There are 2 protein chains.
Amino acid sequence: MKPPKAFTDLRELSTEIHRLNSVLSLLHWDQETYMPPGALSPRSEQIALLSELVHERKTGRKFKTCLEKLTSLSTGKLKAKHLSKPQQIMVREWGKDFRRLNKLPTEFVRNFSQVTAEATQIWSTAKKQNNFSIFAPFLDKIIHLIRQKAEFFGFEEHPYDALVETYEPCMTVRKLEALFDGLKKDLCPLLKKIREEGRRVDDRFLHHKVDAAKQHEIGALLLAELPMESAYTRMDLSSHPFSLALHPHDSRITTRILPHRFISNVFSILHEAGHSMYEMGLPLDTWGTPLSEAVSLSVHESQSRWWETLIGRSLPFWKNFYPRLQKTLPARLKAVPLDRFFRSINKVEPSLIRVEADEVTYCLHVIVRFELEKDLVTGKLNVHDLPMAWNAKMKETLGIEPKSDAEGCLQDIHWSLGDFGYFPTYALGNMLAAHLFTAFAKTHPNWEKRVQSGDFGFVREWLKKNVHQWGRTYNLEEIAKRVTGKPFSEHAYTSYLKKKYGEIYQL
Amino acid sequence: MKPPKAFTDLRELSTEIHRLNSVLSLLHWDQETYMPPGALSPRSEQIALLSELVHERKTGRKFKTCLEKLTSLSTGKLKAKHLSKPQQIMVREWGKDFRRLNKLPTEFVRNFSQVTAEATQIWSTAKKQNNFSIFAPFLDKIIHLIRQKAEFFGFEEHPYDALVETYEPCMTVRKLEALFDGLKKDLCPLLKKIREEGRRVDDRFLHHKVDAAKQHEIGALLLAELPMESAYTRMDLSSHPFSLALHPHDSRITTRILPHRFISNVFSILHEAGHSMYEMGLPLDTWGTPLSEAVSLSVHESQSRWWETLIGRSLPFWKNFYPRLQKTLPARLKAVPLDRFFRSINKVEPSLIRVEADEVTYCLHVIVRFELEKDLVTGKLNVHDLPMAWNAKMKETLGIEPKSDAEGCLQDIHWSLGDFGYFPTYALGNMLAAHLFTAFAKTHPNWEKRVQSGDFGFVREWLKKNVHQWGRTYNLEEIAKRVTGKPFSEHAYTSYLKKKYGEIYQL
């Protein structure tokens, strides 16, 4: 049965939108890698134009007219007949996107952009001068707008629900609180025990200088090891590592070289490769539709953390790769046995910022942010009191306190951009990865042996089969349940951490 | 006085078209430099989409409606009042472009694309197999279409006029024949004399192997020497050197590394830098209009050849740069004195293909092609007889003959692409460069001394003032006349060649 014309037309329009987004991705990629520095202003105008073309198509009359023939715009109920199951899912997801996108008035979006653009500049100065007071009035404005945004989107229980939904559609404050309380209950005592009773590890060799040429060599060696088709990917340098896909056949990553943190290069590559393999694994035949889109930021993060941590910080991985790393850096690593190397890259140590935090403290950073954001949005916490509240939360959750606001509540750009509700996806990604891994380990009980022998193709295949190939067919919770048979929870993640770090720290 | 709304709207639309073309340029640049090889198919679709968006805007109702208010679409006569002189020129050029673009029926354009796409494939096979007969029927079809194209465009004297006009609006067969006859009259005897009486030069050192790292070093050294703002440009590798500008502040070049032709890298950079400086010198305040566009392919080529030959193959240039080149390649060049080096890079030797031909034979290649194309278009020459005609022309003009059609009439891709009327721009560029140079040398009688001391900024400034800053205000002939006071001709070029090569070859 041929699908109705409205469906064919909408699919074509959706493909055109995807294609324009591919081009936007290239504009961004180029800007972060090779663009001449003086070209920033014309580049912003190119990006603005393409973004406008995308927005016009996503919200325009053609999209609406076609969509209305296929589904109810208010309830999302399907109207069209003769649609296959996958086609029904496309319509469902197109409808969701359209409804959400049309909830924000144009005027509000413009104002939001202006305020955050200015706030970002001010934040940068405030951080440099370690002066929260100049940023505070802007953060106040942003929180005001964020509350409006939540009203526009609508919510049942908590305004923060409306914000989280942007980044992880199936999450709510209630669910997050349950998950995060579970994490805290297990991780805070584990952290305390490690700090008090764990055997020390001397990781100074990780901070010796490794020059750029050597780091390139290591990066190339590592990339060649990973099960990615070299015809469809490439790796470049940028000031912050990222991954970005134009298409499953053009999925690129970047890394960076920090002379005194060579291992950061390794984990960046593994992390970005995880994101990249997700994009490469999306189906080709439905490209241009939601069936060939990633589910959410959380699910994306589960893929990057899978390769960076569950595989990349595992002993089997290093049993395979460490001898080659040693050979590349004999002066640095000859005297470091595998066991010490493994314990060093897994050293647990509370730090002031999430970026490059160890696995045990990583989610605790997210929880600090989540609890503060929630209270800022409801008004329970005043912007004025944020610095004190930040420090108190850090002390309570991680046991350390920043010495300055620059290291504390001014540490990163996200709030100035108006990104509220985004941080939980980092924790959700870790939890989902560990949750899925239980099923993977059941299917491949010999995975450690295979990984140890340098076999990684089967890992990617498993992820492709269980996650990548489905696009947006299932949401995070549905994937978790389908793959493991068990509802999504934090248990797999805490069990994994307790077992792994219990062994490493001989608790 | 404020310009009429139709003008402001058209200027905005024109800027949007330019911006989309910038994005298209990036898609092409990326494809030739860094794109993963497997991404060709999605890239073609991205390019097709953006090209369509450009075409829609150039031929759409909005463009037409605005333009009609400003100028007569049939005669090009200005209607709008209150336009400044530069604004009048914008309207004039928008009108020209629009009229020309609307002369080809969509159906014809589509058919032309399909035929040439197939022909390109066949040509590639024919060349590999040195089998003209399989390409002949396709070339026949193309020539048929080319004749139709000329009819659509319209012409007064010669169908080939309509084709040349696409690439160099102010040229006709009549004018080209006069110019080319002048060239042949001087260059054929000069070539003969060089071959018979000129002193020999031993240039074998130019063909010794120079590794990629050294060639990179030379390239970087050379680029740093040129008066281009590093904030607005960059250099990369590609299989064929090219230059491509997204904007005066984002104008990129590529080069290539041939292990046994290191000097090719040097001249490619000079050539592409010449193109690139033209684009960087276009005015910023009228960006997005014809006043910030290059005049034509010929004028573009005059800029690249200026830097590649008039400067880059001059003795003063090498008095400055050779000592550094020697230092970079001591094993290759220590024993080669400047005089021998200079004579070697200017060695005259008829070859089978224009690419990398010396200055004396370069235009003769173009003339061979021009005469054959003209006869193919009028039907005076049959496709069937092309191989023989090609060989005879080569013999007559350059004194050598290809051993096979692969080296002869199948040597390059242009005919299979339907590019007829395009080659003359190569010769016109050389002639214009030499023509303009007479005025430059008058203004800067000490140019040799300054170039010899590594001063190049004044050269670019002169070109900017006399060529770049005007965009499409003047055409090739007008520029030639304005700058030198003399009408455009081949005389400056032949005088330059006779003097330079008379000295080098001690004739």
# chains A, B, ... in the order shown; residues from 1 in each chain; ligands from 1

$ interface_residues --of "chain B" --to "chain A" --cutoff "8 Å" --atoms "only C-alpha atoms" --output "PDB file with N, CA and C atoms, in the first residue's frame"
ATOM      1  N   GLU B  16      21.837  37.229   0.174  1.00  0.00           N
ATOM      2  CA  GLU B  16      21.473  35.873   0.597  1.00  0.00           C
ATOM      3  C   GLU B  16      22.021  34.849  -0.404  1.00  0.00           C
ATOM      4  N   ARG B  19      25.614  34.443   0.169  1.00  0.00           N
ATOM      5  CA  ARG B  19      25.867  33.687   1.402  1.00  0.00           C
ATOM      6  C   ARG B  19      25.672  32.192   1.155  1.00  0.00           C
ATOM      7  N   LEU B  20      24.641  31.837   0.398  1.00  0.00           N
ATOM      8  CA  LEU B  20      24.436  30.425   0.061  1.00  0.00           C
ATOM      9  C   LEU B  20      25.589  29.927  -0.803  1.00  0.00           C
ATOM     10  N   SER B  22      28.634  31.007  -0.607  1.00  0.00           N
ATOM     11  CA  SER B  22      29.762  30.802   0.317  1.00  0.00           C
ATOM     12  C   SER B  22      29.690  29.407   0.922  1.00  0.00           C
ATOM     13  N   VAL B  23      28.480  29.028   1.316  1.00  0.00           N
ATOM     14  CA  VAL B  23      28.303  27.706   1.936  1.00  0.00           C
ATOM     15  C   VAL B  23      28.608  26.619   0.912  1.00  0.00           C
ATOM     16  N   LEU B  26      32.222  26.138   0.680  1.00  0.00           N
ATOM     17  CA  LEU B  26      32.781  25.322   1.760  1.00  0.00           C
ATOM     18  C   LEU B  26      32.535  23.839   1.509  1.00  0.00           C
ATOM     19  N   LEU B  27      31.354  23.506   1.004  1.00  0.00           N
ATOM     20  CA  LEU B  27      31.062  22.100   0.696  1.00  0.00           C
ATOM     21  C   LEU B  27      32.065  21.565  -0.329  1.00  0.00           C
ATOM     22  N   MET B  35      37.050  15.787   3.499  1.00  0.00           N
ATOM     23  CA  MET B  35      35.865  14.930   3.593  1.00  0.00           C
ATOM     24  C   MET B  35      36.233  13.445   3.570  1.00  0.00           C
ATOM     25  N   PRO B  36      35.646  12.638   4.466  1.00  0.00           N
ATOM     26  CA  PRO B  36      35.887  11.194   4.366  1.00  0.00           C
ATOM     27  C   PRO B  36      35.469  10.707   2.980  1.00  0.00           C
ATOM     28  N   PRO B  37      36.253   9.831   2.376  1.00  0.00           N
ATOM     29  CA  PRO B  37      35.985   9.453   0.982  1.00  0.00           C
ATOM     30  C   PRO B  37      34.622   8.810   0.773  1.00  0.00           C
ATOM     31  N   GLY B  38      34.108   8.145   1.782  1.00  0.00           N
ATOM     32  CA  GLY B  38      32.819   7.462   1.634  1.00  0.00           C
ATOM     33  C   GLY B  38      31.624   8.390   1.660  1.00  0.00           C
ATOM     34  N   ALA B  39      31.869   9.687   1.871  1.00  0.00           N
ATOM     35  CA  ALA B  39      30.755  10.632   2.042  1.00  0.00           C
ATOM     36  C   ALA B  39      30.357  11.312   0.737  1.00  0.00           C
ATOM     37  N   PRO B  42      26.233  11.507   0.006  1.00  0.00           N
ATOM     38  CA  PRO B  42      25.502  12.575   0.718  1.00  0.00           C
ATOM     39  C   PRO B  42      26.019  13.972   0.376  1.00  0.00           C
ATOM     40  N   GLU B  45      24.337  15.298  -2.637  1.00  0.00           N
ATOM     41  CA  GLU B  45      22.959  15.718  -2.360  1.00  0.00           C
ATOM     42  C   GLU B  45      22.912  17.064  -1.632  1.00  0.00           C
ATOM     43  N   GLN B  46      23.872  17.296  -0.755  1.00  0.00           N
ATOM     44  CA  GLN B  46      23.935  18.602  -0.080  1.00  0.00           C
ATOM     45  C   GLN B  46      24.199  19.707  -1.106  1.00  0.00           C
ATOM     46  N   LEU B  49      21.123  20.360  -3.259  1.00  0.00           N
ATOM     47  CA  LEU B  49      20.103  21.130  -2.537  1.00  0.00           C
ATOM     48  C   LEU B  49      20.463  22.613  -2.478  1.00  0.00           C
ATOM     49  N   SER B 230      47.207  36.429   7.379  1.00  0.00           N
ATOM     50  CA  SER B 230      47.040  35.022   7.761  1.00  0.00           C
ATOM     51  C   SER B 230      45.707  34.793   8.474  1.00  0.00           C
ATOM     52  N   ALA B 231      45.090  35.847   8.969  1.00  0.00           N
ATOM     53  CA  ALA B 231      43.789  35.680   9.643  1.00  0.00           C
ATOM     54  C   ALA B 231      42.677  35.346   8.660  1.00  0.00           C
ATOM     55  N   TYR B 232      42.916  35.604   7.378  1.00  0.00           N
ATOM     56  CA  TYR B 232      41.839  35.455   6.400  1.00  0.00           C
ATOM     57  C   TYR B 232      42.092  34.353   5.378  1.00  0.00           C
ATOM     58  N   THR B 233      43.146  33.589   5.568  1.00  0.00           N
ATOM     59  CA  THR B 233      43.428  32.580   4.558  1.00  0.00           C
ATOM     60  C   THR B 233      43.992  31.323   5.208  1.00  0.00           C
ATOM     61  N   ARG B 234      44.090  30.254   4.439  1.00  0.00           N
ATOM     62  CA  ARG B 234      44.787  29.064   4.877  1.00  0.00           C
ATOM     63  C   ARG B 234      45.174  28.250   3.649  1.00  0.00           C
ATOM     64  N   HIS B 247      34.469  34.483   1.194  1.00  0.00           N
ATOM     65  CA  HIS B 247      34.281  35.877   1.608  1.00  0.00           C
ATOM     66  C   HIS B 247      35.670  36.503   1.542  1.00  0.00           C
ATOM     67  N   HIS B 249      37.192  37.724   3.759  1.00  0.00           N
ATOM     68  CA  HIS B 249      37.872  37.323   4.998  1.00  0.00           C
ATOM     69  C   HIS B 249      37.989  35.812   5.159  1.00  0.00           C
ATOM     70  N   ASP B 250      37.736  35.077   4.104  1.00  0.00           N
ATOM     71  CA  ASP B 250      37.884  33.622   4.181  1.00  0.00           C
ATOM     72  C   ASP B 250      38.188  33.104   2.777  1.00  0.00           C
TER      73      ASP B 250
END

$ residues_around --residues "Gly288 in chain B" --least-positions-apart "2" --cutoff "7 Å" --atoms "only C-alpha atoms" --output "number ranges by chain"
B: 14-15, 18, 286, 292

$ atom_distance --atom1 "CA of Val91 in chain B" --atom2 "CA of Met431 in chain B"
29.6 Å

$ atom_distance --atom1 "CA of Ser495 in chain A" --atom2 "CA of Val360 in chain A"
11.4 Å

$ residues_around --residues "range 133-144 of chain B" --least-positions-apart "6" --cutoff "12 Å" --atoms "only C-alpha atoms" --output "PyMOL selection string"
chain B and resi 108+111-127+150-151+159-160+163+373-379+381-387+405-406+409-410+413-421

$ write_last_selection --atoms "N, CA and C atoms" --output "compact mmCIF listing (two decimals), in the first residue's frame"
# COMPACT_ATOMS: atom_id res chain seq x y z
N PHE B 108 16.27 22.04 -20.99
CA PHE B 108 17.57 21.98 -21.65
C PHE B 108 18.69 21.82 -20.63
N ASN B 111 18.77 18.26 -19.34
CA ASN B 111 19.29 17.36 -20.36
C ASN B 111 20.81 17.53 -20.51
N PHE B 112 21.25 18.76 -20.52
CA PHE B 112 22.68 19.06 -20.63
C PHE B 112 23.46 18.41 -19.47
N SER B 113 22.91 18.52 -18.29
CA SER B 113 23.57 17.91 -17.11
C SER B 113 23.65 16.41 -17.24
N GLN B 114 22.54 15.81 -17.68
CA GLN B 114 22.53 14.35 -17.79
C GLN B 114 23.53 13.86 -18.83
N VAL B 115 23.52 14.49 -19.99
CA VAL B 115 24.42 14.06 -21.06
C VAL B 115 25.88 14.23 -20.64
N THR B 116 26.21 15.36 -20.05
CA THR B 116 27.62 15.58 -19.68
C THR B 116 28.03 14.69 -18.52
N ALA B 117 27.10 14.39 -17.61
CA ALA B 117 27.44 13.49 -16.50
C ALA B 117 27.86 12.13 -17.05
N GLU B 118 27.08 11.63 -18.02
CA GLU B 118 27.40 10.33 -18.62
C GLU B 118 28.69 10.44 -19.45
N ALA B 119 28.79 11.51 -20.20
CA ALA B 119 29.95 11.69 -21.08
C ALA B 119 31.26 11.72 -20.28
N THR B 120 31.20 12.30 -19.09
CA THR B 120 32.40 12.40 -18.25
C THR B 120 32.91 11.01 -17.86
N GLN B 121 31.96 10.15 -17.53
CA GLN B 121 32.30 8.77 -17.19
C GLN B 121 32.96 8.08 -18.40
N ILE B 122 32.32 8.23 -19.53
CA ILE B 122 32.79 7.57 -20.75
C ILE B 122 34.17 8.12 -21.14
N TRP B 123 34.30 9.44 -21.04
CA TRP B 123 35.59 10.05 -21.38
C TRP B 123 36.72 9.42 -20.55
N SER B 124 36.43 9.22 -19.26
CA SER B 124 37.44 8.68 -18.36
C SER B 124 37.89 7.29 -18.83
N THR B 125 36.93 6.47 -19.20
CA THR B 125 37.24 5.14 -19.73
C THR B 125 38.00 5.25 -21.06
N ALA B 126 37.50 6.09 -21.93
CA ALA B 126 38.12 6.26 -23.25
C ALA B 126 39.58 6.67 -23.11
N LYS B 127 39.83 7.57 -22.18
CA LYS B 127 41.21 8.02 -21.98
C LYS B 127 42.07 6.87 -21.47
N ALA B 150 24.10 27.88 -27.83
CA ALA B 150 24.46 29.13 -28.50
C ALA B 150 23.21 29.80 -29.08
N GLU B 151 22.31 28.99 -29.62
CA GLU B 151 21.07 29.55 -30.15
C GLU B 151 20.24 30.19 -29.04
N PRO B 159 28.36 31.52 -33.65
CA PRO B 159 27.76 30.83 -32.50
C PRO B 159 28.73 30.72 -31.31
N TYR B 160 30.01 30.64 -31.61
CA TYR B 160 31.01 30.50 -30.54
C TYR B 160 31.05 31.76 -29.66
N LEU B 163 29.15 31.33 -26.58
CA LEU B 163 29.78 30.44 -25.59
C LEU B 163 30.90 31.16 -24.84
N GLU B 373 37.76 24.04 -31.31
CA GLU B 373 36.41 24.23 -30.76
C GLU B 373 35.53 25.00 -31.73
N LYS B 374 36.08 26.06 -32.26
CA LYS B 374 35.35 26.90 -33.20
C LYS B 374 34.86 26.05 -34.38
N ASP B 375 35.76 25.23 -34.92
CA ASP B 375 35.40 24.42 -36.07
C ASP B 375 34.42 23.30 -35.73
N LEU B 376 34.52 22.78 -34.50
CA LEU B 376 33.55 21.77 -34.08
C LEU B 376 32.17 22.39 -33.97
N VAL B 377 32.11 23.58 -33.42
CA VAL B 377 30.81 24.23 -33.21
C VAL B 377 30.14 24.58 -34.54
N THR B 378 30.92 25.06 -35.49
CA THR B 378 30.32 25.41 -36.78
C THR B 378 30.08 24.19 -37.66
N GLY B 379 30.70 23.08 -37.35
CA GLY B 379 30.53 21.89 -38.16
C GLY B 379 31.60 21.78 -39.24
N LEU B 381 34.53 21.09 -38.69
CA LEU B 381 35.28 19.88 -38.30
C LEU B 381 34.30 18.86 -37.73
N ASN B 382 34.41 17.61 -38.23
CA ASN B 382 33.61 16.51 -37.70
C ASN B 382 34.28 15.89 -36.49
N VAL B 383 33.45 15.44 -35.54
CA VAL B 383 34.01 14.77 -34.36
C VAL B 383 34.92 13.62 -34.80
N HIS B 384 34.46 12.90 -35.79
CA HIS B 384 35.21 11.77 -36.31
C HIS B 384 36.65 12.15 -36.69
N ASP B 385 36.84 13.34 -37.20
CA ASP B 385 38.16 13.77 -37.67
C ASP B 385 38.98 14.49 -36.60
N LEU B 386 38.41 14.60 -35.41
CA LEU B 386 39.07 15.38 -34.37
C LEU B 386 40.49 14.91 -34.05
N PRO B 387 40.70 13.60 -33.84
CA PRO B 387 42.06 13.17 -33.46
C PRO B 387 43.12 13.62 -34.46
N ASP B 405 45.85 9.32 -28.61
CA ASP B 405 44.74 10.23 -28.35
C ASP B 405 44.61 10.55 -26.86
N ALA B 406 45.01 9.60 -26.02
CA ALA B 406 44.97 9.85 -24.57
C ALA B 406 45.82 11.07 -24.24
N CYS B 409 43.66 14.51 -28.04
CA CYS B 409 42.35 15.14 -27.89
C CYS B 409 41.54 14.58 -26.73
N LEU B 410 42.02 13.52 -26.08
CA LEU B 410 41.34 13.00 -24.89
C LEU B 410 42.01 13.48 -23.61
N ILE B 413 39.37 16.74 -19.23
CA ILE B 413 37.95 16.50 -18.97
C ILE B 413 37.00 17.53 -19.59
N HIS B 414 37.55 18.70 -20.01
CA HIS B 414 36.67 19.84 -20.28
C HIS B 414 35.58 19.62 -21.33
N TRP B 415 35.91 19.00 -22.43
CA TRP B 415 34.90 18.80 -23.46
C TRP B 415 33.78 17.88 -22.98
N SER B 416 34.16 16.88 -22.18
CA SER B 416 33.11 15.97 -21.70
C SER B 416 32.16 16.69 -20.75
N LEU B 417 32.64 17.76 -20.13
CA LEU B 417 31.79 18.56 -19.24
C LEU B 417 30.95 19.57 -20.02
N GLY B 418 31.22 19.66 -21.31
CA GLY B 418 30.51 20.65 -22.13
C GLY B 418 31.08 22.04 -22.02
N ASP B 419 32.32 22.14 -21.50
CA ASP B 419 32.95 23.46 -21.36
C ASP B 419 33.58 23.93 -22.67
N PHE B 420 32.78 24.49 -23.52
CA PHE B 420 33.29 25.07 -24.77
C PHE B 420 33.32 26.59 -24.62
N GLY B 421 34.41 27.22 -25.07
CA GLY B 421 34.51 28.68 -24.98
C GLY B 421 35.23 29.13 -23.73

$ residues_around --residues "Glu396 in chain B" --least-positions-apart "2" --cutoff "12 Å" --atoms "only C-alpha atoms" --output "list in words"
Lys184, Cys188, Pro189, Lys192, Pro350, Leu364, His365, Ile367, Val368, Ala389, Trp390, Asn391, Ala392, Lys393, Met394, Leu398, Gly399, Ile400 and Glu401 of chain B

$ select_by_dssp --residues "range 172-414 of chain A" --states "alpha helix (DSSP H)" --output "NGL selection string"
:A and (173-197 or 212-225 or 262-281 or 297-305 or 315-328 or 330-333 or 338-345 or 359-378 or 386-398)

$ write_last_selection --atoms "C-alpha atoms" --output "short mmCIF file (atom, residue, chain, number, x, y, z; two decimals), in the first residue's frame"
data_model
loop_
_atom_site.label_atom_id
_atom_site.label_comp_id
_atom_site.auth_asym_id
_atom_site.auth_seq_id
_atom_site.Cartn_x
_atom_site.Cartn_y
_atom_site.Cartn_z
CA VAL A 173 12.04 15.70 38.40
CA ARG A 174 10.30 12.95 40.31
CA LYS A 175 12.11 10.22 38.36
CA LEU A 176 15.43 12.02 38.50
CA GLU A 177 15.19 12.50 42.25
CA ALA A 178 14.62 8.80 42.75
CA LEU A 179 17.56 7.88 40.52
CA PHE A 180 19.89 10.47 42.01
CA ASP A 181 18.97 9.62 45.59
CA GLY A 182 19.83 6.03 44.76
CA LEU A 183 23.17 7.14 43.36
CA LYS A 184 24.01 9.31 46.34
CA LYS A 185 23.06 6.57 48.78
CA ASP A 186 25.67 4.27 47.28
CA LEU A 187 28.29 6.62 45.86
CA CYS A 188 28.82 8.98 48.79
CA PRO A 189 29.76 6.13 51.17
CA LEU A 190 31.86 4.50 48.43
CA LEU A 191 33.75 7.75 47.89
CA LYS A 192 34.25 8.20 51.63
CA LYS A 193 35.55 4.64 51.99
CA ILE A 194 37.94 5.03 49.06
CA ARG A 195 39.32 8.25 50.50
CA GLU A 196 39.70 6.84 53.99
CA GLU A 197 40.63 3.20 53.46
CA ALA A 212 52.38 16.62 20.14
CA ALA A 213 53.97 14.24 17.61
CA LYS A 214 53.85 11.35 20.09
CA GLN A 215 50.30 12.17 21.03
CA HIS A 216 49.30 12.16 17.37
CA GLU A 217 50.90 8.77 17.02
CA ILE A 218 48.96 7.42 20.00
CA GLY A 219 45.73 8.91 18.68
CA ALA A 220 46.17 7.35 15.25
CA LEU A 221 47.03 3.99 16.82
CA LEU A 222 43.92 4.11 18.97
CA LEU A 223 41.61 5.21 16.17
CA ALA A 224 42.86 2.38 13.97
CA GLU A 225 41.99 -0.02 16.78
CA PHE A 262 48.39 12.73 27.34
CA ILE A 263 45.82 10.29 28.69
CA SER A 264 43.12 12.92 28.20
CA ASN A 265 43.69 12.59 24.44
CA VAL A 266 43.07 8.83 24.69
CA PHE A 267 39.81 9.13 26.61
CA SER A 268 38.57 12.01 24.45
CA ILE A 269 39.00 9.87 21.36
CA LEU A 270 37.19 6.93 22.95
CA HIS A 271 34.39 9.22 24.12
CA GLU A 272 33.89 10.98 20.80
CA ALA A 273 34.24 7.71 18.89
CA GLY A 274 31.32 6.39 20.96
CA HIS A 275 29.16 9.33 19.86
CA SER A 276 30.39 8.93 16.32
CA MET A 277 29.62 5.20 16.09
CA TYR A 278 26.06 5.91 17.23
CA GLU A 279 25.62 8.31 14.30
CA MET A 280 27.30 5.88 11.91
CA GLY A 281 24.95 3.14 13.06
CA LEU A 297 21.26 13.53 24.59
CA SER A 298 21.19 10.93 27.38
CA VAL A 299 21.16 8.00 24.99
CA HIS A 300 23.94 9.68 22.98
CA GLU A 301 25.94 10.06 26.16
CA SER A 302 25.40 6.38 27.01
CA GLN A 303 27.22 5.53 23.79
CA SER A 304 30.18 7.80 24.42
CA ARG A 305 30.53 6.74 28.04
CA LEU A 315 41.35 -3.97 32.38
CA PRO A 316 40.78 -6.12 29.25
CA PHE A 317 41.02 -3.05 27.03
CA TRP A 318 44.39 -2.12 28.46
CA LYS A 319 45.69 -5.67 28.44
CA ASN A 320 45.36 -5.28 24.68
CA PHE A 321 46.41 -1.67 24.20
CA TYR A 322 48.91 -1.01 26.98
CA PRO A 323 51.85 -2.87 25.43
CA ARG A 324 51.54 -0.71 22.33
CA LEU A 325 51.20 2.45 24.38
CA GLN A 326 54.32 1.46 26.31
CA LYS A 327 56.17 0.92 23.06
CA THR A 328 55.18 4.38 21.84
CA PRO A 330 59.04 3.88 26.41
CA ALA A 331 60.65 6.65 28.44
CA ARG A 332 57.39 7.40 30.24
CA LEU A 333 55.90 3.94 30.65
CA LEU A 338 49.95 -2.60 33.70
CA ASP A 339 48.46 -2.91 37.16
CA ARG A 340 49.75 0.48 38.26
CA PHE A 341 48.75 2.03 34.97
CA PHE A 342 45.22 0.62 35.29
CA ARG A 343 44.81 1.86 38.85
CA SER A 344 46.19 5.28 37.87
CA ILE A 345 43.74 5.89 35.05
CA GLU A 359 33.66 7.49 37.40
CA VAL A 360 32.76 7.54 41.09
CA THR A 361 32.49 11.31 41.48
CA TYR A 362 31.25 12.10 37.97
CA CYS A 363 27.54 11.79 38.67
CA LEU A 364 27.87 13.56 42.00
CA HIS A 365 28.85 16.71 40.12
CA VAL A 366 25.71 16.36 38.05
CA ILE A 367 23.58 15.93 41.16
CA VAL A 368 25.00 19.12 42.72
CA ARG A 369 24.02 21.04 39.59
CA PHE A 370 20.60 19.37 39.36
CA GLU A 371 19.65 20.23 42.91
CA LEU A 372 20.75 23.85 42.54
CA GLU A 373 19.02 24.33 39.19
CA LYS A 374 15.78 22.94 40.54
CA ASP A 375 15.85 25.34 43.48
CA LEU A 376 16.77 28.30 41.27
CA VAL A 377 13.85 27.57 38.96
CA THR A 378 11.29 27.28 41.79
CA LEU A 386 24.01 30.77 44.81
CA PRO A 387 27.74 30.96 45.59
CA MET A 388 27.23 29.87 49.18
CA ALA A 389 24.75 27.20 48.20
CA TRP A 390 27.14 25.86 45.53
CA ASN A 391 29.98 25.58 48.01
CA ALA A 392 27.83 23.94 50.63
CA LYS A 393 26.52 21.35 48.17
CA MET A 394 30.04 20.56 46.96
CA LYS A 395 31.18 20.05 50.54
CA GLU A 396 28.18 17.89 51.35
CA THR A 397 28.28 15.76 48.18
CA LEU A 398 31.95 15.56 47.18
#

$ atom_distance --atom1 "CA of Gly198 in chain A" --atom2 "CA of Arg354 in chain A"
21.9 Å

$ residues_around --residues "Leu432 in chain A" --least-positions-apart "4" --cutoff "7 Å" --atoms "only C-alpha atoms" --output "NGL selection string"
:A and (302 or 428 or 436 or 480)

$ closest_residue --among "A:Leu329, A:Ile479, A:Ile257, A:Ile146" --to "Leu463 in chain A" --atoms "only C-alpha atoms"
A:Ile479

$ select_by_dssp --residues "range 184-350 of chain B" --states "strand (DSSP E)" --output "ChimeraX atom specification"
/B:235-237,243-247,250-255
